[in-house]
$ cat start35.cif   # mmCIF, C-alpha atoms
data_input
#
loop_
_atom_site.group_PDB
_atom_site.id
_atom_site.type_symbol
_atom_site.label_atom_id
_atom_site.label_comp_id
_atom_site.auth_asym_id
_atom_site.auth_seq_id
_atom_site.Cartn_x
_atom_site.Cartn_y
_atom_site.Cartn_z
ATOM 1 C CA MET A 1 0.000 0.000 0.000
ATOM 2 C CA LEU A 2 1.324 3.443 -0.905
ATOM 3 C CA PRO A 3 1.534 6.090 1.818
ATOM 4 C CA LEU A 4 -0.694 9.123 1.418
ATOM 5 C CA ARG A 5 1.051 12.401 0.726
ATOM 6 C CA GLU A 6 0.099 15.875 1.805
ATOM 7 C CA PRO A 7 -1.697 17.651 -1.039
ATOM 8 C CA VAL A 8 0.372 20.235 -2.841
ATOM 9 C CA SER A 9 -1.200 23.635 -3.300
ATOM 10 C CA ALA A 10 -0.346 26.803 -5.155
ATOM 11 C CA ARG A 11 1.634 29.521 -3.435
ATOM 12 C CA PRO A 12 -0.907 31.736 -1.693
ATOM 13 C CA GLY A 13 -1.549 34.902 -3.623
ATOM 14 C CA MET A 14 0.567 34.060 -6.702
ATOM 15 C CA THR A 15 -1.475 35.035 -9.717
ATOM 16 C CA PHE A 16 -0.637 34.367 -13.342
ATOM 17 C CA HIS A 17 0.041 38.074 -13.801
ATOM 18 C CA GLN A 18 2.472 38.078 -10.848
ATOM 19 C CA MET A 19 4.201 34.988 -12.197
ATOM 20 C CA LEU A 20 4.599 36.641 -15.603
ATOM 21 C CA GLU A 21 5.982 39.796 -14.026
ATOM 22 C CA GLN A 22 8.547 37.742 -12.119
ATOM 23 C CA ILE A 23 9.526 35.911 -15.318
ATOM 24 C CA ARG A 24 9.680 39.205 -17.191
ATOM 25 C CA TYR A 25 11.992 40.636 -14.528
ATOM 26 C CA GLU A 26 14.203 37.531 -14.219
ATOM 27 C CA GLY A 27 14.464 37.064 -17.985
ATOM 28 C CA VAL A 28 14.821 40.763 -18.767
ATOM 29 C CA TYR A 29 12.041 40.542 -21.345
ATOM 30 C CA PRO A 30 11.017 43.898 -22.843
ATOM 31 C CA THR A 31 7.262 43.317 -22.587
ATOM 32 C CA ARG A 32 4.765 41.306 -20.601
ATOM 33 C CA GLU A 33 3.575 39.789 -23.883
ATOM 34 C CA ARG A 34 7.056 38.408 -24.604
ATOM 35 C CA ALA A 35 7.267 36.960 -21.083
ATOM 36 C CA GLU A 36 3.840 35.365 -21.542
ATOM 37 C CA SER A 37 4.782 33.843 -24.899
ATOM 38 C CA VAL A 38 7.976 32.358 -23.467
ATOM 39 C CA THR A 39 6.193 31.112 -20.350
ATOM 40 C CA ARG A 40 3.440 29.367 -22.294
ATOM 41 C CA ALA A 41 5.955 27.711 -24.654
ATOM 42 C CA VAL A 42 8.143 26.399 -21.805
ATOM 43 C CA LEU A 43 5.147 25.196 -19.769
ATOM 44 C CA ALA A 44 3.779 23.344 -22.806
ATOM 45 C CA ALA A 45 7.173 21.746 -23.428
ATOM 46 C CA LEU A 46 7.433 20.683 -19.776
ATOM 47 C CA GLY A 47 3.906 19.295 -19.986
ATOM 48 C CA ARG A 48 5.145 16.943 -22.709
ATOM 49 C CA GLN A 49 7.811 15.583 -20.328
ATOM 50 C CA LEU A 50 6.194 15.016 -16.925
ATOM 51 C CA THR A 51 3.747 12.282 -15.982
ATOM 52 C CA GLY A 52 2.099 10.841 -12.893
ATOM 53 C CA ASP A 53 1.893 12.411 -9.457
ATOM 54 C CA GLU A 54 4.635 14.917 -10.231
ATOM 55 C CA ARG A 55 2.580 16.286 -13.132
ATOM 56 C CA VAL A 56 -0.549 16.560 -10.974
ATOM 57 C CA ASP A 57 1.287 18.092 -8.017
ATOM 58 C CA LEU A 58 3.130 20.637 -10.163
ATOM 59 C CA ALA A 59 -0.113 21.688 -11.846
ATOM 60 C CA ALA A 60 -1.569 22.279 -8.382
ATOM 61 C CA CYS A 61 1.323 24.634 -7.554
ATOM 62 C CA LEU A 62 0.820 26.809 -10.621
ATOM 63 C CA PRO A 63 -1.643 29.621 -11.200
ATOM 64 C CA VAL A 64 -4.680 28.300 -13.098
ATOM 65 C CA GLU A 65 -3.706 29.767 -16.499
ATOM 66 C CA ALA A 66 -0.218 28.267 -16.247
ATOM 67 C CA ALA A 67 -1.586 24.909 -15.096
ATOM 68 C CA LEU A 68 -3.859 24.782 -18.139
ATOM 69 C CA ASP A 69 -0.929 25.392 -20.516
ATOM 70 C CA PHE A 70 1.110 22.757 -18.695
ATOM 71 C CA THR A 71 -1.569 20.054 -18.509
ATOM 72 C CA GLY A 72 -2.922 20.746 -21.988
ATOM 73 C CA GLN A 73 -0.099 18.676 -23.468
ATOM 74 C CA ILE A 74 0.069 14.933 -23.971
ATOM 75 C CA PRO A 75 3.246 13.532 -22.408
ATOM 76 C CA ASP A 76 5.799 12.253 -24.908
ATOM 77 C CA PRO A 77 6.433 8.504 -24.524
ATOM 78 C CA ARG A 78 10.148 9.181 -25.064
ATOM 79 C CA PRO A 79 11.227 11.916 -22.626
ATOM 80 C CA ARG A 80 14.020 14.191 -23.834
ATOM 81 C CA THR A 81 17.233 14.993 -22.014
ATOM 82 C CA GLY A 82 17.656 18.551 -20.789
ATOM 83 C CA TRP A 83 19.574 19.476 -23.932
ATOM 84 C CA GLY A 84 16.953 17.752 -26.101
ATOM 85 C CA PHE A 85 14.283 19.780 -24.300
ATOM 86 C CA VAL A 86 16.075 23.034 -25.199
ATOM 87 C CA LYS A 87 16.602 21.977 -28.829
ATOM 88 C CA ASP A 88 12.945 20.993 -29.174
ATOM 89 C CA LEU A 89 11.840 24.323 -27.699
ATOM 90 C CA ALA A 90 14.123 26.212 -30.105
ATOM 91 C CA THR A 91 12.665 24.316 -33.059
ATOM 92 C CA ARG A 92 9.052 24.821 -31.974
ATOM 93 C CA THR A 93 9.449 28.531 -31.196
ATOM 94 C CA GLY A 94 11.860 29.464 -33.994
ATOM 95 C CA VAL A 95 14.520 30.970 -31.732
ATOM 96 C CA THR A 96 18.235 30.240 -31.413
ATOM 97 C CA LEU A 97 19.489 27.546 -29.055
ATOM 98 C CA ALA A 98 20.950 30.252 -26.820
ATOM 99 C CA ALA A 99 17.612 32.066 -26.618
ATOM 100 C CA ALA A 100 15.760 28.793 -25.957
ATOM 101 C CA ARG A 101 18.224 27.948 -23.164
ATOM 102 C CA TRP A 102 17.728 31.409 -21.624
ATOM 103 C CA ASP A 103 13.937 31.158 -21.887
ATOM 104 C CA THR A 104 13.894 27.667 -20.407
ATOM 105 C CA GLY A 105 16.120 28.577 -17.479
ATOM 106 C CA THR A 106 14.168 31.731 -16.731
ATOM 107 C CA VAL A 107 10.766 30.044 -16.635
ATOM 108 C CA LEU A 108 11.840 26.817 -14.934
ATOM 109 C CA THR A 109 13.669 28.690 -12.170
ATOM 110 C CA VAL A 110 10.431 30.475 -11.288
ATOM 111 C CA ILE A 111 8.530 27.180 -11.568
ATOM 112 C CA ALA A 112 11.067 25.568 -9.207
ATOM 113 C CA ASP A 113 10.363 28.245 -6.611
ATOM 114 C CA LEU A 114 6.618 27.667 -6.930
ATOM 115 C CA ALA A 115 7.035 23.892 -6.667
ATOM 116 C CA GLY A 116 9.300 23.955 -3.628
ATOM 117 C CA PRO A 117 12.318 21.745 -2.930
ATOM 118 C CA ASP A 118 10.526 18.456 -2.193
ATOM 119 C CA LEU A 119 8.427 18.429 -5.347
ATOM 120 C CA LEU A 120 11.366 19.667 -7.401
ATOM 121 C CA GLU A 121 13.455 16.713 -6.209
ATOM 122 C CA ARG A 122 10.696 14.328 -7.296
ATOM 123 C CA ILE A 123 10.403 16.057 -10.672
ATOM 124 C CA LEU A 124 14.155 15.886 -11.277
ATOM 125 C CA ALA A 125 14.183 12.202 -10.274
ATOM 126 C CA GLN A 126 11.579 11.494 -12.968
ATOM 127 C CA LEU A 127 13.215 13.488 -15.773
ATOM 128 C CA PRO A 128 16.255 12.331 -17.778
ATOM 129 C CA PRO A 129 19.666 13.921 -17.074
ATOM 130 C CA GLY A 130 20.264 17.587 -17.766
ATOM 131 C CA TYR A 131 17.222 19.235 -16.195
ATOM 132 C CA ALA A 132 18.633 20.330 -12.827
ATOM 133 C CA LEU A 133 20.564 23.230 -14.337
ATOM 134 C CA LEU A 134 17.500 24.287 -16.304
ATOM 135 C CA PHE A 135 15.629 24.546 -12.983
ATOM 136 C CA GLY A 136 18.479 26.605 -11.521
ATOM 137 C CA ARG A 137 19.904 23.767 -9.438
ATOM 138 C CA ALA A 138 23.284 22.068 -9.507
ATOM 139 C CA GLU A 139 23.289 18.638 -11.087
ATOM 140 C CA LEU A 140 25.656 16.596 -8.988
ATOM 141 C CA THR A 141 26.814 13.222 -10.179
ATOM 142 C CA GLN A 142 28.856 10.568 -8.452
ATOM 143 C CA PRO A 143 32.360 10.203 -9.883
ATOM 144 C CA ALA A 144 33.144 6.896 -11.531
ATOM 145 C CA ALA A 145 34.953 4.459 -9.272
ATOM 146 C CA VAL A 146 38.652 4.123 -10.006
ATOM 147 C CA PRO A 147 40.173 0.681 -9.442
ATOM 148 C CA ALA A 148 42.580 0.690 -6.475
ATOM 149 C CA GLY A 149 45.587 -0.114 -8.650
ATOM 150 C CA ASN A 150 44.949 2.911 -10.884
ATOM 151 C CA ARG A 151 44.593 5.579 -8.222
ATOM 152 C CA SER A 152 46.976 8.462 -8.172
ATOM 153 C CA GLU A 153 48.409 10.184 -5.127
ATOM 154 C CA THR A 154 45.984 13.069 -5.734
ATOM 155 C CA THR A 155 42.978 10.725 -5.816
ATOM 156 C CA ALA A 156 44.069 8.994 -2.622
ATOM 157 C CA ALA A 157 44.656 12.324 -0.881
ATOM 158 C CA ALA A 158 41.270 13.629 -2.011
ATOM 159 C CA GLU A 159 39.665 10.550 -0.527
ATOM 160 C CA GLY A 160 41.413 11.245 2.757
ATOM 161 C CA ARG A 161 43.818 8.322 2.560
ATOM 162 C CA ALA A 162 47.559 8.323 2.870
ATOM 163 C CA TRP A 163 49.552 7.450 -0.214
ATOM 164 C CA THR A 164 51.102 4.001 0.104
ATOM 165 C CA THR A 165 53.254 2.031 -2.293
#
$ encode --input "start35.cif" --output "structure tokens"
Amino acid sequence: MLPLREPVSARPGMTFHQMLEQIRYEGVYPTRERAESVTRAVLAALGRQLTGDERVDLAACLPVEAALDFTGQIPDPRPRTGWGFVKDLATRTGVTLAAARWDTGTVLTVIADLAGPDLLERILAQLPPGYALLFGRAELTQPAAVPAGNRSETTAAAEGRAWTT
């Protein structure tokens, strides 16, 4: 039996207009209309990536207009990596890869704040590699294990062990 979770709810008082103004400020967009266009495109793209409880819980954290853009998409059966997400957004919106990366990071950073750390961790666990940076978080990976016979003095020192021969 699965444990019941606390329901996730939207940040009190965060309207769609306030969210757009924050995205406009963070992304340095010249107009509210540009911020809205970018926001809707990124939310739709994210809606094609997330499924299950994370999708439902994130929608509950968003203002209604944003939640409709997000949930109005059918999830892709083959989720894209973070870089694939940016390339797909660039293709769909007709902007450069650099602009798509900027737009993605701007919107997803605000979305991460709305979602909160616990939900964001669950979202990142569901998505393929490369999304943490898009959400404004570090993507830490475990270093590959080095066989004992191939370790250098630097590796041994970094691990807190004395160098022995």
$ resolve_selection --input "start35.cif" --expression "the PyMOL selection byres ((chain A and resi 103) around 12)" --output "PyMOL selection string"
chain A and resi 23-24+26-29+34-43+45+85-87+89-90+93+95-102+104-110+134-135
$ atom_distance --input "start35.cif" --atom1 "CA of Trp83 in chain A" --atom2 "CA of Asp118 in chain A"
23.6 Å
$ atom_distance --input "start35.cif" --atom1 "CA of Arg55 in chain A" --atom2 "CA of Ile123 in chain A"
8.2 Å
$ residues_around --input "start35.cif" --residues "Gly82 in chain A" --least-positions-apart "5" --cutoff "8 Å" --atoms "all atoms listed in the file" --output "list of chain:residue names"
A:Pro128, A:Pro129, A:Gly130, A:Tyr131, A:Leu134
$ atom_distance --input "start35.cif" --atom1 "CA of Leu50 in chain A" --atom2 "CA of Leu127 in chain A"
7.3 Å
$ resolve_selection --input "start35.cif" --expression "the PyMOL selection byres ((chain A and resi 77) around 9)" --output "PDB file with C-alpha atoms, in the frame of the given file"
ATOM      1  CA  ARG A  48       5.145  16.943 -22.709  1.00  0.00           C
ATOM      2  CA  GLN A  49       7.811  15.583 -20.328  1.00  0.00           C
ATOM      3  CA  PRO A  75       3.246  13.532 -22.408  1.00  0.00           C
ATOM      4  CA  ASP A  76       5.799  12.253 -24.908  1.00  0.00           C
ATOM      5  CA  ARG A  78      10.148   9.181 -25.064  1.00  0.00           C
ATOM      6  CA  PRO A  79      11.227  11.916 -22.626  1.00  0.00           C
TER       7      PRO A  79
END
$ closest_residue --input "start35.cif" --among "A:Leu46, A:Ala132, A:Gln73, A:Phe16" --to "Leu120 in chain A" --atoms "only C-alpha atoms"
A:Ala132
$ closest_residue --input "start35.cif" --among "A:Leu124, A:Leu20, A:Leu58, A:Ala44" --to "Gly136 in chain A" --atoms "only C-alpha atoms"
A:Leu124
$ resolve_selection --input "start35.cif" --expression "the PyMOL selection byres ((chain A and resi 64) around 12)" --output "list in words"
Ser9, Ala10, Arg11, Gly13, Met14, Thr15, Phe16, His17, Met19, Leu58, Ala59, Ala60, Cys61, Leu62, Pro63, Glu65, Ala66, Ala67, Leu68, Asp69, Phe70, Thr71 and Gly72 of chain A
$ closest_residue --input "start35.cif" --among "A:Ala115, A:Arg137, A:Thr81, A:Ala125" --to "Asp57 in chain A" --atoms "only C-alpha atoms"
A:Ala115
$ build_atoms --input "start35.cif" --residues "range 30-41 of chain A" --atoms "all heavy atoms" --output "PDB file, in the coordinates of the input"
ATOM      1  N   PRO A  30      11.433  42.501 -22.673  1.00  0.00           N
ATOM      2  CA  PRO A  30      11.017  43.898 -22.843  1.00  0.00           C
ATOM      3  C   PRO A  30       9.529  44.147 -22.578  1.00  0.00           C
ATOM      4  O   PRO A  30       9.163  45.255 -22.192  1.00  0.00           O
ATOM      5  CB  PRO A  30      11.364  44.211 -24.301  1.00  0.00           C
ATOM      6  CG  PRO A  30      11.395  42.887 -24.988  1.00  0.00           C
ATOM      7  CD  PRO A  30      11.834  41.892 -23.942  1.00  0.00           C
ATOM      8  N   THR A  31       8.700  43.128 -22.778  1.00  0.00           N
ATOM      9  CA  THR A  31       7.262  43.317 -22.587  1.00  0.00           C
ATOM     10  C   THR A  31       6.659  42.135 -21.835  1.00  0.00           C
ATOM     11  O   THR A  31       7.223  41.036 -21.815  1.00  0.00           O
ATOM     12  CB  THR A  31       6.524  43.431 -23.945  1.00  0.00           C
ATOM     13  OG1 THR A  31       6.661  42.185 -24.644  1.00  0.00           O
ATOM     14  CG2 THR A  31       7.073  44.572 -24.795  1.00  0.00           C
ATOM     15  N   ARG A  32       5.501  42.375 -21.269  1.00  0.00           N
ATOM     16  CA  ARG A  32       4.765  41.306 -20.601  1.00  0.00           C
ATOM     17  C   ARG A  32       4.329  40.263 -21.620  1.00  0.00           C
ATOM     18  O   ARG A  32       4.303  39.072 -21.333  1.00  0.00           O
ATOM     19  CB  ARG A  32       3.552  41.894 -19.880  1.00  0.00           C
ATOM     20  CG  ARG A  32       2.754  40.873 -19.102  1.00  0.00           C
ATOM     21  CD  ARG A  32       1.527  41.520 -18.441  1.00  0.00           C
ATOM     22  NE  ARG A  32       0.670  40.528 -17.854  1.00  0.00           N
ATOM     23  CZ  ARG A  32      -0.193  39.763 -18.532  1.00  0.00           C
ATOM     24  NH1 ARG A  32      -0.304  39.878 -19.827  1.00  0.00           N
ATOM     25  NH2 ARG A  32      -0.936  38.880 -17.898  1.00  0.00           N
ATOM     26  N   GLU A  33       4.006  40.702 -22.828  1.00  0.00           N
ATOM     27  CA  GLU A  33       3.575  39.789 -23.883  1.00  0.00           C
ATOM     28  C   GLU A  33       4.683  38.806 -24.242  1.00  0.00           C
ATOM     29  O   GLU A  33       4.430  37.622 -24.456  1.00  0.00           O
ATOM     30  CB  GLU A  33       3.122  40.566 -25.122  1.00  0.00           C
ATOM     31  CG  GLU A  33       1.825  41.335 -24.948  1.00  0.00           C
ATOM     32  CD  GLU A  33       1.967  42.594 -24.082  1.00  0.00           C
ATOM     33  OE1 GLU A  33       3.095  43.148 -23.966  1.00  0.00           O
ATOM     34  OE2 GLU A  33       0.950  43.015 -23.503  1.00  0.00           O
ATOM     35  N   ARG A  34       5.922  39.297 -24.306  1.00  0.00           N
ATOM     36  CA  ARG A  34       7.056  38.408 -24.604  1.00  0.00           C
ATOM     37  C   ARG A  34       7.237  37.401 -23.467  1.00  0.00           C
ATOM     38  O   ARG A  34       7.456  36.208 -23.702  1.00  0.00           O
ATOM     39  CB  ARG A  34       8.331  39.221 -24.825  1.00  0.00           C
ATOM     40  CG  ARG A  34       9.569  38.390 -25.046  1.00  0.00           C
ATOM     41  CD  ARG A  34       9.553  37.659 -26.369  1.00  0.00           C
ATOM     42  NE  ARG A  34      10.773  36.883 -26.490  1.00  0.00           N
ATOM     43  CZ  ARG A  34      10.817  35.618 -26.885  1.00  0.00           C
ATOM     44  NH1 ARG A  34       9.722  35.013 -27.255  1.00  0.00           N
ATOM     45  NH2 ARG A  34      11.957  34.979 -26.941  1.00  0.00           N
ATOM     46  N   ALA A  35       7.148  37.863 -22.236  1.00  0.00           N
ATOM     47  CA  ALA A  35       7.267  36.960 -21.083  1.00  0.00           C
ATOM     48  C   ALA A  35       6.164  35.914 -21.114  1.00  0.00           C
ATOM     49  O   ALA A  35       6.404  34.736 -20.825  1.00  0.00           O
ATOM     50  CB  ALA A  35       7.224  37.754 -19.779  1.00  0.00           C
ATOM     51  N   GLU A  36       4.955  36.308 -21.482  1.00  0.00           N
ATOM     52  CA  GLU A  36       3.840  35.365 -21.542  1.00  0.00           C
ATOM     53  C   GLU A  36       4.053  34.331 -22.639  1.00  0.00           C
ATOM     54  O   GLU A  36       3.821  33.134 -22.438  1.00  0.00           O
ATOM     55  CB  GLU A  36       2.524  36.109 -21.773  1.00  0.00           C
ATOM     56  CG  GLU A  36       1.329  35.182 -21.771  1.00  0.00           C
ATOM     57  CD  GLU A  36      -0.004  35.926 -21.818  1.00  0.00           C
ATOM     58  OE1 GLU A  36      -0.014  37.172 -21.715  1.00  0.00           O
ATOM     59  OE2 GLU A  36      -1.029  35.231 -21.934  1.00  0.00           O
ATOM     60  N   SER A  37       4.522  34.765 -23.791  1.00  0.00           N
ATOM     61  CA  SER A  37       4.782  33.843 -24.899  1.00  0.00           C
ATOM     62  C   SER A  37       5.827  32.798 -24.515  1.00  0.00           C
ATOM     63  O   SER A  37       5.650  31.599 -24.753  1.00  0.00           O
ATOM     64  CB  SER A  37       5.246  34.655 -26.112  1.00  0.00           C
ATOM     65  OG  SER A  37       5.693  33.810 -27.132  1.00  0.00           O
ATOM     66  N   VAL A  38       6.904  33.250 -23.912  1.00  0.00           N
ATOM     67  CA  VAL A  38       7.976  32.358 -23.467  1.00  0.00           C
ATOM     68  C   VAL A  38       7.455  31.403 -22.397  1.00  0.00           C
ATOM     69  O   VAL A  38       7.719  30.193 -22.443  1.00  0.00           O
ATOM     70  CB  VAL A  38       9.163  33.199 -22.934  1.00  0.00           C
ATOM     71  CG1 VAL A  38      10.122  32.365 -22.119  1.00  0.00           C
ATOM     72  CG2 VAL A  38       9.878  33.895 -24.077  1.00  0.00           C
ATOM     73  N   THR A  39       6.715  31.921 -21.448  1.00  0.00           N
ATOM     74  CA  THR A  39       6.193  31.112 -20.350  1.00  0.00           C
ATOM     75  C   THR A  39       5.287  30.007 -20.870  1.00  0.00           C
ATOM     76  O   THR A  39       5.417  28.839 -20.484  1.00  0.00           O
ATOM     77  CB  THR A  39       5.434  31.995 -19.342  1.00  0.00           C
ATOM     78  OG1 THR A  39       6.345  32.970 -18.831  1.00  0.00           O
ATOM     79  CG2 THR A  39       4.846  31.177 -18.210  1.00  0.00           C
ATOM     80  N   ARG A  40       4.374  30.359 -21.753  1.00  0.00           N
ATOM     81  CA  ARG A  40       3.440  29.367 -22.294  1.00  0.00           C
ATOM     82  C   ARG A  40       4.174  28.291 -23.096  1.00  0.00           C
ATOM     83  O   ARG A  40       3.849  27.100 -22.991  1.00  0.00           O
ATOM     84  CB  ARG A  40       2.363  30.048 -23.125  1.00  0.00           C
ATOM     85  CG  ARG A  40       1.393  30.857 -22.278  1.00  0.00           C
ATOM     86  CD  ARG A  40       0.268  31.464 -23.107  1.00  0.00           C
ATOM     87  NE  ARG A  40      -0.580  32.351 -22.344  1.00  0.00           N
ATOM     88  CZ  ARG A  40      -1.589  31.959 -21.565  1.00  0.00           C
ATOM     89  NH1 ARG A  40      -1.871  30.681 -21.443  1.00  0.00           N
ATOM     90  NH2 ARG A  40      -2.328  32.843 -20.913  1.00  0.00           N
ATOM     91  N   ALA A  41       5.196  28.687 -23.856  1.00  0.00           N
ATOM     92  CA  ALA A  41       5.955  27.711 -24.654  1.00  0.00           C
ATOM     93  C   ALA A  41       6.724  26.745 -23.753  1.00  0.00           C
ATOM     94  O   ALA A  41       6.729  25.529 -23.993  1.00  0.00           O
ATOM     95  CB  ALA A  41       6.914  28.438 -25.596  1.00  0.00           C
TER      96      ALA A  41
END
